[in-house]
Every structure is written in structure tokens, then in C-alpha cells.
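Take a look at the structure below.
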Amino acid sequence: MLFNNKKRISVIGATGQQGGAVVRALQTDGQFKVRALSRNPGKHGGIAEEVVEADLDRPETLEAAFEKAHGVFLVTNFWEKGTDEIKQTTAAIRAAKNAGVKHFVWSTLPNVDAISGGKFNVPHFTGKAKVDRIVKEAGFANHTFVIAPFYYQNVVGALAPQTQADGSVGWALPLDPNPRCIHMGDINELGNIVAGAFAHPDEAGHGEYLPLVGDFMSFGEIVDTLNRQGHKFSFKQVPKEVYASLFPGATEVAETFSYFQAHTYLGSDSYDRIALANKIAGRQPTKFSTWARVNFPVRAP
């Protein structure tokens, strides 16, 4: 296929973990021309065939960003100060529709409010879920929902083991370590599902939900897996109220763990959705133990 005849995909958040994974997967797939969208295109010149300025908080930048695009991948960053996800996504969806985009892929999360009957308040999940209806009602020829899991990267990043009061290194979390409740995955593999959805709209372009799940574990199993590989990590369950006072944002993290424990990360039996996601991706995602061996090396004493 000639390069000029390839369908163009505009990727919002192309310099982040999810968007970057999508750019790389689309480039590897080779069926599409990739337009990476960034607020600072000058800083990221080489990441795709095209790098174009786009800012979700400046809707006037979006029309050009989506011009002549066949598809759009959208992810928003709840944790960025001042983010209004409904406002941002509504602007992006409107601009994509006006530009004639045919296939819209939105990175969503489970609706914790609906799943728990209002018992748990996890805005960074539920806020994304509320956008699903806006995507559906926009009337794109094709639309797909992908669901990012609990990132494996969290255990070396935001939730890396810390030195505890007793001198051990590990985790003190408001979570029972025994129930299997965490749907996990290597976020770099989300792009395979997105690229697969764009390539197979007949199978995955009618509002399907495609979660990336490489493993389904309890936190105790996470710790045991690492310790079998040579680490010596500890785990202590702490009261939710105590954890919530430890750092800004800890209340929502504690609430998120409570939701996992009660309903699991995805909130329901998602076997069929996971199976379809793997089929669309064309591969099985990496297991946690395999990922950890490479990405969480044992430090010499």
C-alpha cells in the first residue's frame, strides 16, 4: 500500500504512556499513517510521521489536528491540575465529528458509581465512564472503548515499595492482600488493542469494550511473585483512614482499593471482553512475572 493512501490516525496524548503506546503500535502495524498530537510539537519532532499541535483546553486547535483523519484515539489525564474531562472530551468529540472522522477510540474506565450503587467514590474512574455515552451519541461510523488496567508500571512508579517503620521494604496499603481483585497489564501493550480495533472495525467498532489484562492477581500474589524472583518485600494492611491522611490524593487511592476489594478492578466478570481484546490485539498480553523479571530487577545487597 502506498504511504499516501494509508488512513490517517490522530493520537491525542501521544507523548504520554497510553498515547505513546498507541503511536508505536500503529507504526509497527504499518497500515496507518500516524499523526501525533501534542501541546508542544516542537519538543517531540520524531515520534510519528506527523506531529501537530493540539490542546484539549483550546478547542480551536482540534479542527486542524483531526483534518483528513480516518480515526482518533483519545485519552485524558484526570490527575493534571485543572483538567475537566467532560469539557475536554466533548470538545474533542465535536471537533472529530466536524472533521469527518470515521472511527473514534476512547480510553475509558469502569463506572464505579454505577457498579457499587454509589458506595464508592472514585472520580478518576467514573468521570471517564461518563464520557462513554457522549461518544456513543456522537454517531461515528465506528467507535470503540478500550480500558487500561492497573499498570504493572505502578509497582516501580507511583506505588513503588517504600521503607517501612519496621525497617523492611515493601507496601503498607488499605487492602486485604488475599482476594484476587486487580486486573493488571503492561500499559505499553494497550497500543496493540487500539491498532487492532482500527484495523478490524467490523469486529471491534460497534461500541465494544476491550480491556487490556495481562494478569489477574491479589496484592499478596504480586508480592509473592516478586519475592520468588529474589526480592524480600513486606506487606502490611493499614486502615483506610490512616492511609488517607498520608499524602494529597491518598483518600481517592484508598477508596479505589476498597472498590477493587469489593468489585474487582473491572467491576464484573469480563472474561468475554478480555478474550475479544486479546483476539483484536492479535496476541496474549505479557504476564506480570515475565514483565517483572525484566523491569523489576533484584538489587544486589
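A note on labels: chains of the C-alpha cells are A, B, ... as shown, every chain counts residues from 1, and ligands are counted from 1 in their shown order.
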Using DSSP on the backbone coordinates, identify all residues within stretch 233-282 of chain A classified as alpha helix (DSSP H); present the result as a PyMOL selection string.
-> chain A and resi 240-244+250-263+271-281
Name all residues at most 7 Å from A:Gly207 (count only C-alpha atoms; drop same-chain ones fewer than 3 positions away) and give them as a list in words.
->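 Here the answer would be His143, Thr144 and Phe145 of chain A.
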Okay, now the selection with C-alpha atoms, as an mmCIF file, in the first residue's frame?
```
data_model
loop_
_atom_site.group_PDB
_atom_site.id
_atom_site.type_symbol
_atom_site.label_atom_id
_atom_site.label_comp_id
_atom_site.auth_asym_id
_atom_site.auth_seq_id
_atom_site.Cartn_x
_atom_site.Cartn_y
_atom_site.Cartn_z
ATOM 1 C CA HIS A 143 -16.485 3.689 17.927
ATOM 2 C CA THR A 144 -14.544 1.531 20.371
ATOM 3 C CA PHE A 145 -13.860 1.670 24.114
#
```
For A:Ile86, which residue among A:Asp29, A:Glu208, A:Asp57, A:Asp186 is the nearest when counting only C-alpha atoms?
->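 So, comparing all the options, the nearest one is A:Asp57.
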Hey, what's within 9 Å of A:Gly282 if we count only C-alpha atoms and toss same-chain stuff fewer than 2 positions away? As a PyMOL selection string, please?
-> chain A and resi 192-193+196+277-280+284
Would you mind exporting all heavy atoms of the selected residues as a PDB file, in the first residue's frame?
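Output contents, as saved in out-v3.pdb:
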```pdb
ATOM      1  N   ASN A 192      -1.519  -2.269  21.116  1.00  0.00           N
ATOM      2  CA  ASN A 192      -1.846  -3.405  20.251  1.00  0.00           C
ATOM      3  C   ASN A 192      -3.358  -3.547  20.087  1.00  0.00           C
ATOM      4  O   ASN A 192      -3.854  -3.883  19.001  1.00  0.00           O
ATOM      5  CB  ASN A 192      -1.278  -4.702  20.833  1.00  0.00           C
ATOM      6  CG  ASN A 192       0.236  -4.681  20.946  1.00  0.00           C
ATOM      7  OD1 ASN A 192       0.907  -4.034  20.152  1.00  0.00           O
ATOM      8  ND2 ASN A 192       0.775  -5.364  21.939  1.00  0.00           N
ATOM      9  N   ILE A 193      -4.105  -3.301  21.176  1.00  0.00           N
ATOM     10  CA  ILE A 193      -5.562  -3.396  21.120  1.00  0.00           C
ATOM     11  C   ILE A 193      -6.131  -2.268  20.270  1.00  0.00           C
ATOM     12  O   ILE A 193      -7.019  -2.477  19.436  1.00  0.00           O
ATOM     13  CB  ILE A 193      -6.159  -3.361  22.542  1.00  0.00           C
ATOM     14  CG1 ILE A 193      -5.675  -4.565  23.355  1.00  0.00           C
ATOM     15  CG2 ILE A 193      -7.683  -3.331  22.492  1.00  0.00           C
ATOM     16  CD1 ILE A 193      -6.112  -4.555  24.812  1.00  0.00           C
ATOM     17  N   GLY A 196      -5.395  -2.814  16.652  1.00  0.00           N
ATOM     18  CA  GLY A 196      -6.264  -3.898  16.192  1.00  0.00           C
ATOM     19  C   GLY A 196      -7.694  -3.440  15.972  1.00  0.00           C
ATOM     20  O   GLY A 196      -8.354  -3.855  15.009  1.00  0.00           O
ATOM     21  N   ALA A 277     -10.554  -8.647  23.358  1.00  0.00           N
ATOM     22  CA  ALA A 277      -9.431  -7.692  23.301  1.00  0.00           C
ATOM     23  C   ALA A 277      -8.156  -8.393  22.845  1.00  0.00           C
ATOM     24  O   ALA A 277      -7.407  -7.874  21.997  1.00  0.00           O
ATOM     25  CB  ALA A 277      -9.224  -7.036  24.664  1.00  0.00           C
ATOM     26  N   ASN A 278      -7.899  -9.590  23.379  1.00  0.00           N
ATOM     27  CA  ASN A 278      -6.686 -10.327  23.000  1.00  0.00           C
ATOM     28  C   ASN A 278      -6.736 -10.759  21.536  1.00  0.00           C
ATOM     29  O   ASN A 278      -5.727 -10.738  20.825  1.00  0.00           O
ATOM     30  CB  ASN A 278      -6.498 -11.545  23.907  1.00  0.00           C
ATOM     31  CG  ASN A 278      -6.204 -11.163  25.348  1.00  0.00           C
ATOM     32  OD1 ASN A 278      -5.926  -9.995  25.643  1.00  0.00           O
ATOM     33  ND2 ASN A 278      -6.278 -12.120  26.254  1.00  0.00           N
ATOM     34  N   LYS A 279      -7.941 -11.143  21.088  1.00  0.00           N
ATOM     35  CA  LYS A 279      -8.104 -11.530  19.683  1.00  0.00           C
ATOM     36  C   LYS A 279      -7.834 -10.333  18.769  1.00  0.00           C
ATOM     37  O   LYS A 279      -7.125 -10.441  17.757  1.00  0.00           O
ATOM     38  CB  LYS A 279      -9.524 -12.058  19.461  1.00  0.00           C
ATOM     39  CG  LYS A 279      -9.795 -12.493  18.030  1.00  0.00           C
ATOM     40  CD  LYS A 279     -11.263 -12.850  17.834  1.00  0.00           C
ATOM     41  CE  LYS A 279     -11.537 -13.181  16.366  1.00  0.00           C
ATOM     42  NZ  LYS A 279     -12.989 -13.279  16.085  1.00  0.00           N
ATOM     43  N   ILE A 280      -8.399  -9.182  19.136  1.00  0.00           N
ATOM     44  CA  ILE A 280      -8.229  -7.972  18.327  1.00  0.00           C
ATOM     45  C   ILE A 280      -6.763  -7.531  18.327  1.00  0.00           C
ATOM     46  O   ILE A 280      -6.229  -7.054  17.315  1.00  0.00           O
ATOM     47  CB  ILE A 280      -9.142  -6.840  18.855  1.00  0.00           C
ATOM     48  CG1 ILE A 280     -10.625  -7.195  18.660  1.00  0.00           C
ATOM     49  CG2 ILE A 280      -8.825  -5.503  18.194  1.00  0.00           C
ATOM     50  CD1 ILE A 280     -11.051  -7.431  17.234  1.00  0.00           C
ATOM     51  N   GLN A 284      -1.416 -12.535  23.099  1.00  0.00           N
ATOM     52  CA  GLN A 284      -1.711 -12.578  24.535  1.00  0.00           C
ATOM     53  C   GLN A 284      -0.828 -11.551  25.227  1.00  0.00           C
ATOM     54  O   GLN A 284       0.372 -11.474  24.942  1.00  0.00           O
ATOM     55  CB  GLN A 284      -1.407 -13.970  25.111  1.00  0.00           C
ATOM     56  CG  GLN A 284      -2.345 -15.061  24.631  1.00  0.00           C
ATOM     57  CD  GLN A 284      -3.747 -14.906  25.185  1.00  0.00           C
ATOM     58  OE1 GLN A 284      -3.947 -14.585  26.348  1.00  0.00           O
ATOM     59  NE2 GLN A 284      -4.739 -15.114  24.324  1.00  0.00           N
TER      60      GLN A 284
END
```
Please list as a PDB file with all heavy atoms, in the first residue's frame every residue within 9 Å of A:Ser258, counting only C-alpha atoms and excluding residues in the same chain fewer than 4 positions away.
```
ATOM      1  N   PHE A 120     -18.922   3.640  46.576  1.00  0.00           N
ATOM      2  CA  PHE A 120     -17.535   4.095  46.453  1.00  0.00           C
ATOM      3  C   PHE A 120     -17.448   5.284  45.508  1.00  0.00           C
ATOM      4  O   PHE A 120     -18.078   5.292  44.450  1.00  0.00           O
ATOM      5  CB  PHE A 120     -16.632   2.961  45.957  1.00  0.00           C
ATOM      6  CG  PHE A 120     -16.595   1.779  46.880  1.00  0.00           C
ATOM      7  CD1 PHE A 120     -17.184   0.579  46.517  1.00  0.00           C
ATOM      8  CD2 PHE A 120     -16.004   1.878  48.127  1.00  0.00           C
ATOM      9  CE1 PHE A 120     -17.174  -0.509  47.365  1.00  0.00           C
ATOM     10  CE2 PHE A 120     -15.991   0.801  49.003  1.00  0.00           C
ATOM     11  CZ  PHE A 120     -16.573  -0.400  48.619  1.00  0.00           C
ATOM     12  N   PRO A 174      -4.178   0.080  52.234  1.00  0.00           N
ATOM     13  CA  PRO A 174      -5.503  -0.212  52.798  1.00  0.00           C
ATOM     14  C   PRO A 174      -6.223  -1.269  51.954  1.00  0.00           C
ATOM     15  O   PRO A 174      -7.259  -1.018  51.351  1.00  0.00           O
ATOM     16  CB  PRO A 174      -6.207   1.147  52.724  1.00  0.00           C
ATOM     17  CG  PRO A 174      -5.604   1.805  51.530  1.00  0.00           C
ATOM     18  CD  PRO A 174      -4.181   1.337  51.467  1.00  0.00           C
ATOM     19  N   LEU A 175      -5.627  -2.469  51.896  1.00  0.00           N
ATOM     20  CA  LEU A 175      -6.135  -3.512  51.018  1.00  0.00           C
ATOM     21  C   LEU A 175      -5.835  -4.881  51.620  1.00  0.00           C
ATOM     22  O   LEU A 175      -4.697  -5.145  52.025  1.00  0.00           O
ATOM     23  CB  LEU A 175      -5.450  -3.394  49.643  1.00  0.00           C
ATOM     24  CG  LEU A 175      -5.811  -4.410  48.571  1.00  0.00           C
ATOM     25  CD1 LEU A 175      -7.243  -4.190  48.080  1.00  0.00           C
ATOM     26  CD2 LEU A 175      -4.842  -4.314  47.383  1.00  0.00           C
ATOM     27  N   LYS A 240      -7.945   2.210  56.295  1.00  0.00           N
ATOM     28  CA  LYS A 240      -8.213   3.166  55.224  1.00  0.00           C
ATOM     29  C   LYS A 240      -8.027   4.612  55.697  1.00  0.00           C
ATOM     30  O   LYS A 240      -7.432   5.442  55.005  1.00  0.00           O
ATOM     31  CB  LYS A 240      -9.658   2.938  54.755  1.00  0.00           C
ATOM     32  CG  LYS A 240     -10.080   3.664  53.512  1.00  0.00           C
ATOM     33  CD  LYS A 240     -11.488   3.185  53.126  1.00  0.00           C
ATOM     34  CE  LYS A 240     -12.065   3.992  51.996  1.00  0.00           C
ATOM     35  NZ  LYS A 240     -13.412   3.531  51.635  1.00  0.00           N
ATOM     36  N   VAL A 253      -7.068   7.191  46.472  1.00  0.00           N
ATOM     37  CA  VAL A 253      -6.355   5.932  46.279  1.00  0.00           C
ATOM     38  C   VAL A 253      -6.921   4.865  47.216  1.00  0.00           C
ATOM     39  O   VAL A 253      -7.172   3.722  46.804  1.00  0.00           O
ATOM     40  CB  VAL A 253      -4.835   6.115  46.515  1.00  0.00           C
ATOM     41  CG1 VAL A 253      -4.108   4.775  46.414  1.00  0.00           C
ATOM     42  CG2 VAL A 253      -4.250   7.104  45.514  1.00  0.00           C
ATOM     43  N   ALA A 254      -7.157   5.252  48.479  1.00  0.00           N
ATOM     44  CA  ALA A 254      -7.724   4.316  49.457  1.00  0.00           C
ATOM     45  C   ALA A 254      -9.113   3.849  49.024  1.00  0.00           C
ATOM     46  O   ALA A 254      -9.451   2.668  49.124  1.00  0.00           O
ATOM     47  CB  ALA A 254      -7.788   4.977  50.834  1.00  0.00           C
ATOM     48  N   ALA A 262     -14.027  -4.931  46.777  1.00  0.00           N
ATOM     49  CA  ALA A 262     -15.452  -5.271  46.764  1.00  0.00           C
ATOM     50  C   ALA A 262     -15.921  -5.781  45.404  1.00  0.00           C
ATOM     51  O   ALA A 262     -16.794  -6.660  45.323  1.00  0.00           O
ATOM     52  CB  ALA A 262     -16.277  -4.049  47.167  1.00  0.00           C
ATOM     53  N   HIS A 263     -15.359  -5.230  44.317  1.00  0.00           N
ATOM     54  CA  HIS A 263     -15.931  -5.498  42.987  1.00  0.00           C
ATOM     55  C   HIS A 263     -14.919  -5.930  41.919  1.00  0.00           C
ATOM     56  O   HIS A 263     -15.335  -6.214  40.798  1.00  0.00           O
ATOM     57  CB  HIS A 263     -16.655  -4.239  42.477  1.00  0.00           C
ATOM     58  CG  HIS A 263     -17.792  -3.807  43.345  1.00  0.00           C
ATOM     59  ND1 HIS A 263     -19.026  -4.436  43.317  1.00  0.00           N
ATOM     60  CD2 HIS A 263     -17.885  -2.826  44.283  1.00  0.00           C
ATOM     61  CE1 HIS A 263     -19.835  -3.845  44.190  1.00  0.00           C
ATOM     62  NE2 HIS A 263     -19.165  -2.877  44.790  1.00  0.00           N
TER      63      HIS A 263
END
```
Considering only C-alpha atoms, tabulate each residue of stretch 178-220 of chain A that lies at most 10 Å from stretch 10-27 of chain A along with its nearest interatomic pair and the corresponding distance in Å to one decimal; arrange the rows by chain and ascending residue number and present them as a Markdown table.
```
| residue | atom | partner | partner_atom | distance |
| --- | --- | --- | --- | --- |
| A:Ile187 | CA | A:Gln18 | CA | 6.5 |
| A:Asn188 | CA | A:Ala21 | CA | 4.9 |
| A:Glu189 | CA | A:Ala21 | CA | 6.6 |
| A:Leu190 | CA | A:Ala21 | CA | 6.4 |
| A:Gly191 | CA | A:Val22 | CA | 3.8 |
| A:Asn192 | CA | A:Ala25 | CA | 5.5 |
| A:Ile193 | CA | A:Val22 | CA | 8.6 |
| A:Val194 | CA | A:Val22 | CA | 6.5 |
| A:Ala195 | CA | A:Leu26 | CA | 5.4 |
| A:Gly196 | CA | A:Leu26 | CA | 8.8 |
| A:Phe198 | CA | A:Leu26 | CA | 9.1 |
| A:Ala199 | CA | A:Leu26 | CA | 9.6 |
```
Return the single residue from A:Arg133, A:Lys236, A:Arg8, A:Lys43 that is closest to A:Val101, with distances computed using only C-alpha atoms.
-> A:Arg8
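Using only C-alpha atoms, the shortest contact distance between A:Tyr265 and any of A:Ala292, A:Val34, A:Ala96, A:Met217 is found at A:Met217.
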For atom CA of A:Gly205 and atom CA of A:Ala91, the interatomic separation in Å (one decimal) |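 Atom-to-atom, atom CA of A:Gly205 and atom CA of A:Ala91 are spaced 21.3 Å apart.
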